[in-house]
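Peer 1: Got a structure for you, written out below as structure tokens; questions coming shortly.
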Amino acid sequence: AALAATAPNPPLAASSPVPVAPATAAPPAQNDPGLSQENDFAAVSEERSIQGDAARIARNRQAFEEVQPTAVPARDGSAGPNIVTYALQTSHARGTRMHNRSALQTPSRAQRACAKYPSPDQAQIDFLARGGPERDRLGLDPDGDGYACAWNPAPFRRAAAN
């Protein structure tokens, strides 16, 4: 009502009454599975009781199972190249030429080749699996830094340092 009184309105005729809308909220939707009434004490008290909650808590405590941690299994290398291991084994920055590349490997060729991968991580895995960084038959690493398709080893190095 306060907003209605202060909002600019077109001029009314002298004999027209000014309508004032009641300041009430819309009623809650009934049987709407998308709305929760868990903060409405009256609604919750109709559906649940203290005794029912105590029984539910007791059932949950009975079903609780504590699982002891175990060692993370060691990788045997059969799953293919590991980009985390590769990132930690290298120390040079992106763009630092480490490997010779053919003059036929151009940035535009690399763009086309990299567009076939859903992410730089996937491109780097395939690059390593196909003989990279020494070989780059697909043209994924035209600058010869050993990192395909703008893949960045820095996040893996930071995680290991922490």
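To be explicit about the labels: the chains of the structure tokens are called A, B, and onward in the order shown, and within each one the residues are counted from 1, while ligands get numbers from 1 in the order they are shown.
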Would you pick out the contacts of A:Ala115 at 12 Å or less, using only C-alpha atoms, so that residues sharing its chain but fewer than 3 positions from it are not included, and give the list as a list in words?
Peer 2: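 My list of contacting residues is Ser108, Arg109, Ala110, Gln111, Arg112, Pro118, Ser119, Pro120, Gln122, Ala123, Leu138, Gly139, Leu140, Ala148, Cys149 and Ala150 of chain A.
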Peer 1: With only C-alpha atoms as the counted atoms, please give the residues lying no more than 8 Å from A:Tyr147, apart from itself and same-chain residues fewer than 5 positions off, as a short mmCIF file (atom, residue, chain, number, x, y, z; two decimals) with C-alpha atoms, in the first residue's frame.
Peer 2:
```
data_model
loop_
_atom_site.label_atom_id
_atom_site.label_comp_id
_atom_site.auth_asym_id
_atom_site.auth_seq_id
_atom_site.Cartn_x
_atom_site.Cartn_y
_atom_site.Cartn_z
CA ARG A 94 53.91 -22.78 -21.60
CA GLN A 124 46.86 -33.61 -23.94
CA PRO A 133 55.79 -34.49 -26.75
CA ASP A 141 51.58 -28.56 -30.31
CA ASN A 152 48.14 -25.83 -18.82
#
```
Peer 1: What is the atom CA of A:Ala129 to atom CA of A:Gln105 distance in Å?
Peer 2: 18.9 Å
Peer 1: Atom CA of A:Phe127 and atom CA of A:Ala87, how far apart in Å?
Peer 2: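 Going from atom CA of A:Ala87 over to atom CA of A:Phe127 covers 13.4 Å.
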Peer 1: Record the distance separating atom CA of A:Phe156 and atom CA of A:Leu88, expressed in Å with one decimal.
Peer 2: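 Separating atom CA of A:Phe156 from atom CA of A:Leu88 is a distance of 7.2 Å.
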Peer 1: Would you pick out the contacts of A:Asn82 at 9 Å or less, using only C-alpha atoms, so that residues sharing its chain but fewer than 4 positions from it are not included, and give the list as a compact mmCIF listing (two decimals) with N, CA and C atoms, in the first residue's frame?
Peer 2:
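Contents of the output file selection_38.txt:
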```
# COMPACT_ATOMS: atom_id res chain seq x y z
N GLY A 77 49.77 -47.84 -14.85
CA GLY A 77 50.13 -47.28 -16.15
C GLY A 77 49.36 -47.87 -17.31
N TYR A 86 52.58 -36.13 -15.90
CA TYR A 86 53.33 -35.37 -16.89
C TYR A 86 53.54 -33.93 -16.43
N ALA A 87 52.52 -33.32 -15.88
CA ALA A 87 52.63 -31.94 -15.41
C ALA A 87 53.68 -31.82 -14.32
N ILE A 125 45.98 -35.77 -23.27
CA ILE A 125 46.04 -37.23 -23.09
C ILE A 125 46.29 -37.91 -24.43
N LEU A 128 49.88 -37.25 -25.70
CA LEU A 128 50.88 -38.09 -25.04
C LEU A 128 50.76 -39.55 -25.49
```
Peer 1: Contacts of stretch 96-99 of chain A at 10 Å or less, counting only C-alpha atoms, minus same-chain residues fewer than 5 places along, as an MDAnalysis selection string?
Peer 2: chainID A and resid 132:136 141:147
